[in-house]
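> I'd like to ask some things about the structure below.
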Amino acid sequence: MRNTKTNADKTLPIQEAFLSEKNRKELLQVIFETIRPIFPFDLPGLFIIDQINNEHYELLNVLDTYKGIANNKKWKKTYSLQRFEHEDTAVDFLSRSEFPKLAYIDKSGATWPHPQAQALYKLGIRQVIGIGLRNEDTTFGMLCFSSKKPDLYSDKDFALMKVISKQLSSILIHMVKNEEVLRQQRQTEHLLKISEAVANIENGPRLVDSIFNMVHRFFPFDDAGLFVLDLPNKRERDLIIDYDYNTATLTDIQNSGHVGWLPLSEITIFLAEKVDVISTVEELFTRFEHPHFAALQKQGYREIISGPLKNGNNLIGILCFWTKKQSGFSRESIPFFKSISNLIGPALGAVLAQEEILRLNNELRLERDYLIEEAKVEHNFEDIIGNSPLISEVFEKINIVANTDITILVDGETGTGKELVARAIHNRSTRKDKPIIKINCATLPKELIESELFGHEKGSFTGANDRRIGKFELADKGTLFLDEIGELPVELQAKLLRAIQEKEIEPLGGSKVIKVDVRIIAATNRNLLKEIDKGHFRSDLFYRLNVFPIKVPTLRERQEDIPLLAAHFAKNMCSKLKVPFHGIKESALLELMTYNWPGNIRELQNLIERSCILRLSNRSDKNSKLTPRIFDAIEGNISPTQMKKKKQVSLKILRENEEKEKISHALELTNWRIRGEKGAAKVLKIKPTTLEYRMKKYGLA
């Protein structure tokens, strides 16, 4: 028989429990354990109703009050706190009235229309009594108690149930308000810390670090996307992927090749127009395609919260956070996310502004280098060395042709010094006070060569954000050196021919013809007559270039020059190593003069420099066919400390020379192609931009 105390007496412990606890979970656990002796139940239910979004959600996980399933993984998944559609569910039905109602759960779930019906039935629950929780005239929740007995509750329990609900309603209203105040206080503190972290950031890596290290502490996510939008040129890029941040999806995205600037996608436009939304990955994948989606889907991401990034009134990007959890982001998190976006937007604007400044500075520096400093660029060697009949014939031709303006074709194998011949012609000409501009036709992608040669106007193609001066225009009144001319695409050969004949160019996207006064020197290591037969080179362009041919001999054809060249390279390397040069042994010279030199002078220079370094370091080169010991006695009166320092320097130079030789070998294997599947960057397993930097560093560009 139940206790006969009044309802007020029975429910008094609820107020006491409220006064004794502050944590929501602990508070509700104590309240329900306080209620259990006066109102028996097997499972309690406490839902908050979101009328605006037609949803309801649980305040207290069933696992926290039903110990029989606390450690069961299956039930943990079923009873994780979730949001459910509200209308026409059992929670909707029981919350509508101010008076308690009874409901029953059968096997089919028809009598209890709710996603949890089957799980409750499997737990043995058969009867439920529930009532709406009200604040003044508004229903904001539902309280229910469930029983395994189908007849535990009756009409006699309604009055007690109503009293419990009223007291619990006032407690919950107070608790929710307190939680909201605390939540806003915490968010304000978090935003202040995020603001301090992103303030004055002017480079991408620091901004990316702040998102992953600072923002992630206060707004948990599994991965992030920071998309930069270039709306005028209809393109986008993910800044996080660009800076190689170690995200879960990075490997798959890099392997797919979808990095850097991509065409503006439909999903990006969609997310940019939707202000701070939560979407399911499945929903987005059904509606849109994106190069990164396959990798994201493979990694198991389920939800995304996203919003536009603005710098002032300008839309410049999108911020996305991804999660692998179902219902990983709540609607309550949207205002906080929006506040984070408002902080990231100006920071991204500062990063993009700094990038633009660096880009413009770099462009100006490159043009300055071409116009002013080109003559000072370090080359494989400083001068043409030799006195053999064949090289003397080259000198004679240089002297004959230098002061004319006729076009010259320099022919020779890789490493013979074709560029030095071109520079010698320019330096002895009337154009010597103007720059000699070089372009290597083998190292640029096809789509960029025309722009490099003739320039482009702003907006002429994707990425053309400003007008660019081409090499022809830069070389006006000077000399244009077209290296590896045999690699020039056939479709551009006609335009080059017109530029040479008419002495005028037309930039990409331009309508104005520009007159230029340029002296052309071309170089090739290919047999262009054979290339003409194959259809790879235009005969009219060949004859226009081959007005005055100069054949540069191979090193094996001028063996008598090897001692002079070897001594020249050895003396220069000794100067770098700051050690005296005492000459090269006769046995070493004999080795050098009997070798075939497939890499010509470049190979000889590399070997001499490496041998000098190895000799100083007391090391041998096991991989070289030639092992000349260059010095008779380099140590002299050098102290052990000085010798140690010189060995350290020599090892550094050795590593650089080894890298230079690897790059040279890869370039020769790939016909000096840098990009693409058959490019040297792929062979060396480095980025094309990295390869270009190292080529310039080692004088190979």
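Within each chain, counting starts at residue 1; across the structure tokens, chains are named A, B, ... in the order shown, with ligands numbered 1 upward in that order.
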Neighbouring residues of segment 320-326 of chain A were defined as those with any atom within 10 Å, considering only C-alpha atoms; residues of the same chain fewer than 6 positions away were excluded. Please report them as a PyMOL selection string.
chain A and resi 82+216+219-227+271+276-281+296-297+299-308+337+341
> Using DSSP secondary structure from the backbone, list all alpha helix (DSSP H) positions within segment 321-480 of chain A, as an NGL selection string.
:A and (334-368 or 389-401 or 418-427 or 446-454 or 471-474)
> May I ask for the distance between atom CA of Leu46 of chain A and atom CA of Gly141 of chain A, given in Å to one decimal place?
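Atom CA of Gly141 of chain A lies at a distance of 7.4 Å from atom CA of Leu46 of chain A.
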> So that I can check the surroundings of segment 686-690 of chain A, please list as a PyMOL selection string every protein, DNA and RNA residue that reaches within 8 Å of it, counting only C-alpha atoms and ignoring chain neighbours fewer than 4 positions away.
chain A and resi 674-675+681-682+694
> Could you pull the residues within 12 Å of Ile400 of chain A, counting only C-alpha atoms, minus those fewer than 5 positions along the same chain, as a PDB file with C-alpha atoms, in the first residue's frame?

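Wrote it out as selection_26.pdb, contents follow:
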ATOM      1  CA  GLU A 393      86.410  28.701 -83.861  1.00  0.00           C
ATOM      2  CA  VAL A 394      83.424  29.466 -81.566  1.00  0.00           C
ATOM      3  CA  PHE A 395      85.265  32.560 -80.275  1.00  0.00           C
ATOM      4  CA  ASP A 405      71.458  42.137 -85.100  1.00  0.00           C
ATOM      5  CA  ILE A 406      70.919  38.894 -87.003  1.00  0.00           C
ATOM      6  CA  ILE A 408      71.550  33.161 -84.049  1.00  0.00           C
ATOM      7  CA  ALA A 424      79.270  36.394 -74.694  1.00  0.00           C
ATOM      8  CA  ILE A 425      77.540  37.537 -77.909  1.00  0.00           C
ATOM      9  CA  ARG A 428      80.202  42.122 -77.068  1.00  0.00           C
ATOM     10  CA  SER A 429      77.267  43.704 -78.887  1.00  0.00           C
ATOM     11  CA  PHE A 548      73.898  32.317 -88.224  1.00  0.00           C
ATOM     12  CA  ILE A 550      77.049  28.305 -83.969  1.00  0.00           C
TER      13      ILE A 550
END
> Neighbours of segment 195-197 of chain A within 8 Å (only C-alpha atoms; same-chain residues fewer than 5 positions away dropped), as a list of chain:residue names?
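Here the answer would be A:Ser210, A:Met214, A:Leu343.
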> Residues as selected, all heavy atoms, written as a short mmCIF file (atom, residue, chain, number, x, y, z; two decimals), in the first residue's frame, can you do that?

data_model
loop_
_atom_site.label_atom_id
_atom_site.label_comp_id
_atom_site.auth_asym_id
_atom_site.auth_seq_id
_atom_site.Cartn_x
_atom_site.Cartn_y
_atom_site.Cartn_z
N SER A 210 45.90 28.85 -35.50
CA SER A 210 44.96 29.40 -34.52
C SER A 210 43.62 28.68 -34.57
O SER A 210 43.00 28.42 -33.54
CB SER A 210 44.75 30.90 -34.77
OG SER A 210 45.93 31.61 -34.51
N MET A 214 43.50 27.02 -31.14
CA MET A 214 42.75 27.86 -30.23
C MET A 214 41.25 27.65 -30.39
O MET A 214 40.55 27.30 -29.44
CB MET A 214 43.10 29.34 -30.46
CG MET A 214 42.32 30.31 -29.58
SD MET A 214 42.52 30.00 -27.79
CE MET A 214 44.22 30.51 -27.57
N LEU A 343 35.20 36.89 -36.31
CA LEU A 343 36.59 37.15 -35.93
C LEU A 343 37.57 36.65 -37.00
O LEU A 343 38.59 37.28 -37.28
CB LEU A 343 36.91 36.48 -34.60
CG LEU A 343 36.16 37.01 -33.37
CD1 LEU A 343 36.49 36.14 -32.16
CD2 LEU A 343 36.53 38.46 -33.09
#
> With distances taken over only C-alpha atoms, which of A:Lys530, A:Arg544, A:Arg36, A:Arg83 is nearest to Phe329 of chain A?
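Between A:Lys530, A:Arg544, A:Arg36, A:Arg83, the residue approaching Phe329 of chain A most closely is A:Arg83.
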> Under the rule that only C-alpha atoms are counted, which of A:Glu26, A:Asp157, A:Glu560, A:Glu273 is the nearest residue to Ile385 of chain A?
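Ranked by minimum distance to Ile385 of chain A, first place goes to A:Glu560.
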> So that I can check the secondary structure, give me every residue of segment 386-466 of chain A assigned strand (DSSP E) by backbone DSSP, as JSON, numbers by chain.
{"A": [408, 409, 410, 411, 436, 437, 438, 439, 440]}
> Using only all heavy atoms, please write the residues we just selected to a file, as a short mmCIF file (atom, residue, chain, number, x, y, z; two decimals), in the first residue's frame.

data_model
loop_
_atom_site.label_atom_id
_atom_site.label_comp_id
_atom_site.auth_asym_id
_atom_site.auth_seq_id
_atom_site.Cartn_x
_atom_site.Cartn_y
_atom_site.Cartn_z
N ILE A 408 70.52 34.19 -84.21
CA ILE A 408 71.55 33.16 -84.05
C ILE A 408 70.94 31.91 -83.44
O ILE A 408 70.12 31.98 -82.52
CB ILE A 408 72.69 33.67 -83.15
CG1 ILE A 408 73.35 34.90 -83.79
CG2 ILE A 408 73.72 32.59 -82.88
CD1 ILE A 408 74.27 35.64 -82.84
N LEU A 409 71.36 30.75 -83.95
CA LEU A 409 70.95 29.47 -83.37
C LEU A 409 72.19 28.77 -82.84
O LEU A 409 73.11 28.42 -83.60
CB LEU A 409 70.27 28.59 -84.42
CG LEU A 409 69.78 27.22 -83.91
CD1 LEU A 409 68.73 27.39 -82.82
CD2 LEU A 409 69.23 26.37 -85.05
N VAL A 410 72.24 28.60 -81.51
CA VAL A 410 73.37 27.93 -80.86
C VAL A 410 72.98 26.47 -80.64
O VAL A 410 71.99 26.16 -79.98
CB VAL A 410 73.71 28.59 -79.51
CG1 VAL A 410 74.93 27.93 -78.89
CG2 VAL A 410 73.95 30.08 -79.69
N ASP A 411 73.79 25.58 -81.20
CA ASP A 411 73.49 24.15 -81.15
C ASP A 411 74.57 23.44 -80.35
O ASP A 411 75.76 23.72 -80.50
CB ASP A 411 73.42 23.60 -82.59
CG ASP A 411 73.04 22.13 -82.63
OD1 ASP A 411 72.46 21.65 -81.62
OD2 ASP A 411 73.32 21.47 -83.64
N ILE A 436 69.85 41.02 -71.09
CA ILE A 436 69.62 39.81 -71.86
C ILE A 436 68.60 38.99 -71.07
O ILE A 436 68.84 38.64 -69.91
CB ILE A 436 70.91 39.00 -72.12
CG1 ILE A 436 70.56 37.68 -72.84
CG2 ILE A 436 71.72 38.77 -70.86
CD1 ILE A 436 71.78 36.91 -73.32
N ILE A 437 67.46 38.76 -71.66
CA ILE A 437 66.36 38.07 -70.98
C ILE A 437 66.32 36.62 -71.43
O ILE A 437 66.32 36.33 -72.63
CB ILE A 437 65.01 38.74 -71.31
CG1 ILE A 437 65.05 40.23 -70.95
CG2 ILE A 437 63.86 38.05 -70.58
CD1 ILE A 437 65.28 40.51 -69.50
N LYS A 438 66.29 35.71 -70.46
CA LYS A 438 66.29 34.28 -70.78
C LYS A 438 64.93 33.66 -70.49
O LYS A 438 64.30 33.96 -69.48
CB LYS A 438 67.36 33.57 -69.95
CG LYS A 438 67.33 32.04 -70.10
CD LYS A 438 68.25 31.37 -69.09
CE LYS A 438 68.07 29.86 -69.13
NZ LYS A 438 68.87 29.18 -68.09
N ILE A 439 64.51 32.77 -71.39
CA ILE A 439 63.33 31.94 -71.10
C ILE A 439 63.65 30.53 -71.56
O ILE A 439 64.14 30.32 -72.67
CB ILE A 439 62.06 32.48 -71.80
CG1 ILE A 439 60.86 31.60 -71.44
CG2 ILE A 439 62.22 32.58 -73.30
CD1 ILE A 439 59.53 32.19 -71.85
N ASN A 440 63.43 29.58 -70.68
CA ASN A 440 63.67 28.17 -70.99
C ASN A 440 62.34 27.56 -71.44
O ASN A 440 61.42 27.39 -70.65
CB ASN A 440 64.23 27.43 -69.78
CG ASN A 440 64.73 26.04 -70.14
OD1 ASN A 440 64.09 25.31 -70.88
ND2 ASN A 440 65.89 25.68 -69.62
#
